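Chemist: Here you go, one structure.
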Amino acid sequence: MTELRKLWVGSIVVECKNFSEMFTFWKAALGYEARDPPSEDWVVLHDPEGKGPNISLQKVGEGPGPDYRFHFDLYSSAPEEEGQRLVRLGARMLEPFQEGRDFATLQDPDGNPSDVIDTRGFAFGQRAA
């Protein structure tokens with residue numbers, strides 16, 4: 001019998017200055033729902049299909065600094081379309097898709113970077129041979 005894991009990622013916490021904008025943006029961007037009604041400074045967003053990790057948003061006094069410690073890689077089989085959808089939702093395009101590169105870099109409303117990764121040609125999350 002396989003022993004149950006004792007440690008796993010339950011939620012990725014994103015500190016944000018513009019809490020309501022970030023809540024609206026990430027909820028729409030990922031199609032996630034609030035697990036419970038948001039408070040003034042905290043919400044846990046979850047994948048309604050139960051496939052992705054929770055994303056928790058926590059309001060802080062200052063926004064992200066120049067030395068960020070993480071970013072989301074958002075996989076997509078329609079990357080250009082999804083990149084433009086994120087821009088319409090409030091993201092800012094920092095580095096668009098270019099020849100020879102399989103990602104574009106955007107900033108969410110609080111200035112946190114994310115990459116939209118072109119997964120065409122991927123098999124089970126890995127580049128196909």
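Chains: A, B, ... in order of the structure tokens. Residues: from 1 per chain. Ligands: from 1, in order shown.
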Determine, for each residue of region 67-126 of chain A having at least one atom at most 8 Å from an atom of region 22-38 of chain A, the closest pair of atoms and their separation in Å to one decimal, counting only C-alpha atoms; order by chain and ascending number, as a tab-separated table.
Modeler:
residue	atom	partner	partner_atom	distance
A:Leu86	CA	A:Ala29	CA	6.4
A:Leu89	CA	A:Phe25	CA	6.1
A:Gly90	CA	A:Phe25	CA	6.8
A:Asp108	CA	A:Met22	CA	7.4
A:Pro109	CA	A:Met22	CA	6.2
A:Asp110	CA	A:Met22	CA	6.9
Chemist: Running DSSP on the backbone, which parts of region 15-125 of chain A land in alpha helix (DSSP H), as a PyMOL selection string?
Modeler: chain A and resi 19-30+79-89
Chemist: Take the residues that were just selected and, keeping N, CA and C atoms, output them as a tab-separated table (two decimals), in the first residue's frame.
Modeler:
chain	number	residue	atom	x	y	z
A	19	PHE	N	-5.65	44.93	-4.13
A	19	PHE	CA	-6.32	43.66	-3.86
A	19	PHE	C	-7.54	43.42	-4.74
A	20	SER	N	-8.45	44.37	-4.85
A	20	SER	CA	-9.68	44.14	-5.62
A	20	SER	C	-9.38	43.94	-7.11
A	21	GLU	N	-8.44	44.69	-7.66
A	21	GLU	CA	-8.06	44.51	-9.07
A	21	GLU	C	-7.42	43.14	-9.29
A	22	MET	N	-6.56	42.73	-8.36
A	22	MET	CA	-5.91	41.43	-8.48
A	22	MET	C	-6.92	40.30	-8.37
A	23	PHE	N	-7.88	40.44	-7.46
A	23	PHE	CA	-8.93	39.43	-7.30
A	23	PHE	C	-9.72	39.28	-8.60
A	24	THR	N	-10.14	40.39	-9.14
A	24	THR	CA	-10.91	40.37	-10.40
A	24	THR	C	-10.08	39.79	-11.53
A	25	PHE	N	-8.82	40.22	-11.66
A	25	PHE	CA	-7.96	39.78	-12.75
A	25	PHE	C	-7.70	38.28	-12.68
A	26	TRP	N	-7.21	37.76	-11.55
A	26	TRP	CA	-6.82	36.35	-11.48
A	26	TRP	C	-8.03	35.42	-11.51
A	27	LYS	N	-9.15	35.87	-10.97
A	27	LYS	CA	-10.38	35.08	-11.05
A	27	LYS	C	-10.77	34.88	-12.51
A	28	ALA	N	-10.76	35.97	-13.29
A	28	ALA	CA	-11.12	35.89	-14.71
A	28	ALA	C	-10.04	35.21	-15.54
A	29	ALA	N	-8.78	35.49	-15.24
A	29	ALA	CA	-7.68	34.94	-16.03
A	29	ALA	C	-7.64	33.41	-15.95
A	30	LEU	N	-7.85	32.86	-14.75
A	30	LEU	CA	-7.73	31.42	-14.55
A	30	LEU	C	-9.07	30.69	-14.54
A	79	PRO	N	-1.53	30.50	-27.19
A	79	PRO	CA	-0.83	31.50	-26.39
A	79	PRO	C	-1.04	32.95	-26.81
A	80	GLU	N	-1.04	33.23	-28.09
A	80	GLU	CA	-1.24	34.61	-28.53
A	80	GLU	C	-2.62	35.10	-28.13
A	81	GLU	N	-3.62	34.25	-28.34
A	81	GLU	CA	-5.00	34.59	-27.99
A	81	GLU	C	-5.13	34.81	-26.48
A	82	GLU	N	-4.54	33.93	-25.69
A	82	GLU	CA	-4.62	34.07	-24.24
A	82	GLU	C	-3.84	35.29	-23.76
A	83	GLY	N	-2.70	35.57	-24.36
A	83	GLY	CA	-1.95	36.77	-24.00
A	83	GLY	C	-2.77	38.03	-24.21
A	84	GLN	N	-3.45	38.11	-25.35
A	84	GLN	CA	-4.30	39.27	-25.63
A	84	GLN	C	-5.51	39.34	-24.69
A	85	ARG	N	-6.06	38.16	-24.33
A	85	ARG	CA	-7.18	38.14	-23.39
A	85	ARG	C	-6.72	38.68	-22.03
A	86	LEU	N	-5.53	38.31	-21.59
A	86	LEU	CA	-5.02	38.80	-20.32
A	86	LEU	C	-4.79	40.31	-20.37
A	87	VAL	N	-4.33	40.82	-21.49
A	87	VAL	CA	-4.16	42.27	-21.65
A	87	VAL	C	-5.52	42.96	-21.54
A	88	ARG	N	-6.54	42.41	-22.17
A	88	ARG	CA	-7.89	42.99	-22.07
A	88	ARG	C	-8.42	42.97	-20.63
A	89	LEU	N	-7.97	41.98	-19.86
A	89	LEU	CA	-8.39	41.88	-18.46
A	89	LEU	C	-7.62	42.84	-17.55
Chemist: So, counting only C-alpha atoms, which residue among A:His71, A:Val43, A:Glu95, A:Asp102 is closest to Ser114 (chain A)?
Modeler: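 Among A:His71, A:Val43, A:Glu95, A:Asp102, it is A:His71 that comes nearest to Ser114 (chain A).
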Chemist: Would you pick out the contacts of Leu94 (chain A) at 9 Å or less, using only C-alpha atoms, so that residues sharing its chain but fewer than 4 positions from it are not included, and give the list as number ranges by chain?
Modeler: A: 104-107, 113
Chemist: Per DSSP on the backbone, what are the strand (DSSP E) residues of chain A, as a PyMOL selection string?
Modeler: chain A and resi 11-16+33-34+42-46+54-59+72-76+92-95+103-107+113-118+122-123+126-127
Chemist: Generate the output file for the selected residues, N, CA and C atoms, as a short mmCIF file (atom, residue, chain, number, x, y, z; two decimals), in the first residue's frame.
Modeler:
data_model
loop_
_atom_site.label_atom_id
_atom_site.label_comp_id
_atom_site.auth_asym_id
_atom_site.auth_seq_id
_atom_site.Cartn_x
_atom_site.Cartn_y
_atom_site.Cartn_z
N SER A 11 -1.48 26.05 -1.50
CA SER A 11 -1.82 27.33 -2.08
C SER A 11 -0.55 28.10 -2.38
N ILE A 12 -0.59 28.88 -3.42
CA ILE A 12 0.49 29.82 -3.75
C ILE A 12 -0.03 31.19 -3.35
N VAL A 13 0.68 31.87 -2.46
CA VAL A 13 0.23 33.15 -1.93
C VAL A 13 0.90 34.28 -2.71
N VAL A 14 0.10 35.20 -3.19
CA VAL A 14 0.58 36.37 -3.92
C VAL A 14 0.23 37.60 -3.08
N GLU A 15 1.25 38.32 -2.64
CA GLU A 15 1.01 39.56 -1.93
C GLU A 15 0.71 40.64 -2.96
N CYS A 16 -0.30 41.46 -2.68
CA CYS A 16 -0.70 42.46 -3.67
C CYS A 16 -1.11 43.76 -3.00
N GLU A 33 -12.58 30.30 -8.76
CA GLU A 33 -13.65 30.84 -7.92
C GLU A 33 -13.09 31.07 -6.52
N ALA A 34 -13.70 32.01 -5.80
CA ALA A 34 -13.33 32.21 -4.40
C ALA A 34 -13.83 31.01 -3.59
N TRP A 42 -7.87 39.31 2.03
CA TRP A 42 -7.48 37.91 1.84
C TRP A 42 -8.56 37.16 1.08
N VAL A 43 -8.11 36.33 0.14
CA VAL A 43 -9.02 35.42 -0.55
C VAL A 43 -8.22 34.22 -1.04
N VAL A 44 -8.85 33.07 -1.03
CA VAL A 44 -8.27 31.87 -1.62
C VAL A 44 -9.08 31.55 -2.86
N LEU A 45 -8.41 31.56 -4.01
CA LEU A 45 -9.05 31.18 -5.27
C LEU A 45 -8.74 29.71 -5.54
N HIS A 46 -9.75 28.97 -6.00
CA HIS A 46 -9.51 27.56 -6.28
C HIS A 46 -10.05 27.20 -7.66
N ASN A 54 -4.40 26.07 -5.49
CA ASN A 54 -5.07 27.28 -5.02
C ASN A 54 -4.13 28.47 -5.21
N ILE A 55 -4.72 29.62 -5.47
CA ILE A 55 -3.99 30.88 -5.52
C ILE A 55 -4.60 31.78 -4.45
N SER A 56 -3.79 32.17 -3.47
CA SER A 56 -4.27 33.04 -2.40
C SER A 56 -3.74 34.44 -2.63
N LEU A 57 -4.60 35.43 -2.46
CA LEU A 57 -4.20 36.83 -2.60
C LEU A 57 -4.28 37.48 -1.23
N GLN A 58 -3.20 38.17 -0.85
CA GLN A 58 -3.11 38.84 0.43
C GLN A 58 -2.72 40.29 0.22
N LYS A 59 -3.53 41.21 0.72
CA LYS A 59 -3.25 42.63 0.56
C LYS A 59 -2.09 43.03 1.47
N PHE A 72 4.28 33.14 -12.31
CA PHE A 72 3.49 32.05 -12.85
C PHE A 72 3.92 31.77 -14.28
N ASP A 73 4.03 30.51 -14.64
CA ASP A 73 4.11 30.07 -16.03
C ASP A 73 2.72 29.56 -16.37
N LEU A 74 2.03 30.27 -17.24
CA LEU A 74 0.67 29.93 -17.63
C LEU A 74 0.73 29.21 -18.97
N TYR A 75 0.48 27.91 -18.97
CA TYR A 75 0.58 27.10 -20.18
C TYR A 75 -0.66 27.32 -21.04
N SER A 76 -0.48 27.37 -22.36
CA SER A 76 -1.61 27.58 -23.26
C SER A 76 -1.36 26.96 -24.62
N ARG A 92 -0.35 43.93 -18.56
CA ARG A 92 0.45 44.75 -19.46
C ARG A 92 1.48 43.83 -20.11
N MET A 93 1.58 43.91 -21.42
CA MET A 93 2.55 43.09 -22.16
C MET A 93 3.94 43.69 -21.98
N LEU A 94 4.87 42.91 -21.44
CA LEU A 94 6.25 43.37 -21.28
C LEU A 94 7.12 42.91 -22.44
N GLU A 95 7.03 41.62 -22.76
CA GLU A 95 7.82 41.04 -23.85
C GLU A 95 6.91 40.13 -24.66
N PHE A 103 7.54 31.86 -25.29
CA PHE A 103 6.77 32.51 -24.22
C PHE A 103 6.71 34.01 -24.42
N ALA A 104 5.71 34.61 -23.79
CA ALA A 104 5.59 36.07 -23.70
C ALA A 104 5.51 36.40 -22.22
N THR A 105 6.00 37.58 -21.83
CA THR A 105 5.98 38.00 -20.44
C THR A 105 5.01 39.16 -20.27
N LEU A 106 4.14 39.03 -19.28
CA LEU A 106 3.16 40.06 -18.96
C LEU A 106 3.28 40.44 -17.50
N GLN A 107 2.65 41.57 -17.13
CA GLN A 107 2.53 41.97 -15.73
C GLN A 107 1.06 42.02 -15.38
N PRO A 113 5.17 39.73 -12.63
CA PRO A 113 5.34 39.14 -13.96
C PRO A 113 4.75 37.74 -14.04
N SER A 114 4.33 37.36 -15.23
CA SER A 114 3.90 36.01 -15.56
C SER A 114 4.30 35.75 -17.00
N ASP A 115 4.59 34.49 -17.30
CA ASP A 115 4.88 34.10 -18.68
C ASP A 115 3.74 33.26 -19.21
N VAL A 116 3.31 33.53 -20.43
CA VAL A 116 2.38 32.67 -21.14
C VAL A 116 3.24 31.79 -22.03
N ILE A 117 3.18 30.48 -21.78
CA ILE A 117 4.03 29.50 -22.45
C ILE A 117 3.25 28.83 -23.57
N ASP A 118 3.84 28.79 -24.75
CA ASP A 118 3.24 28.10 -25.91
C ASP A 118 3.43 26.61 -25.72
N PHE A 122 3.71 20.18 -26.94
CA PHE A 122 3.98 19.56 -25.64
C PHE A 122 3.22 18.24 -25.55
N ALA A 123 3.75 17.30 -24.83
CA ALA A 123 3.06 16.07 -24.49
C ALA A 123 3.13 15.92 -22.98
N GLN A 126 5.48 18.39 -21.18
CA GLN A 126 6.88 18.41 -21.59
C GLN A 126 6.96 18.55 -23.10
N ARG A 127 7.98 19.23 -23.57
CA ARG A 127 8.17 19.42 -25.00
C ARG A 127 8.32 18.05 -25.66
#
Chemist: Go ahead and compute the interatomic distance for CA of Thr119 (chain A) and CA of Glu99 (chain A), in Å to one decimal.
Modeler: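 That distance, rounded to one decimal, is 15.1 Å.
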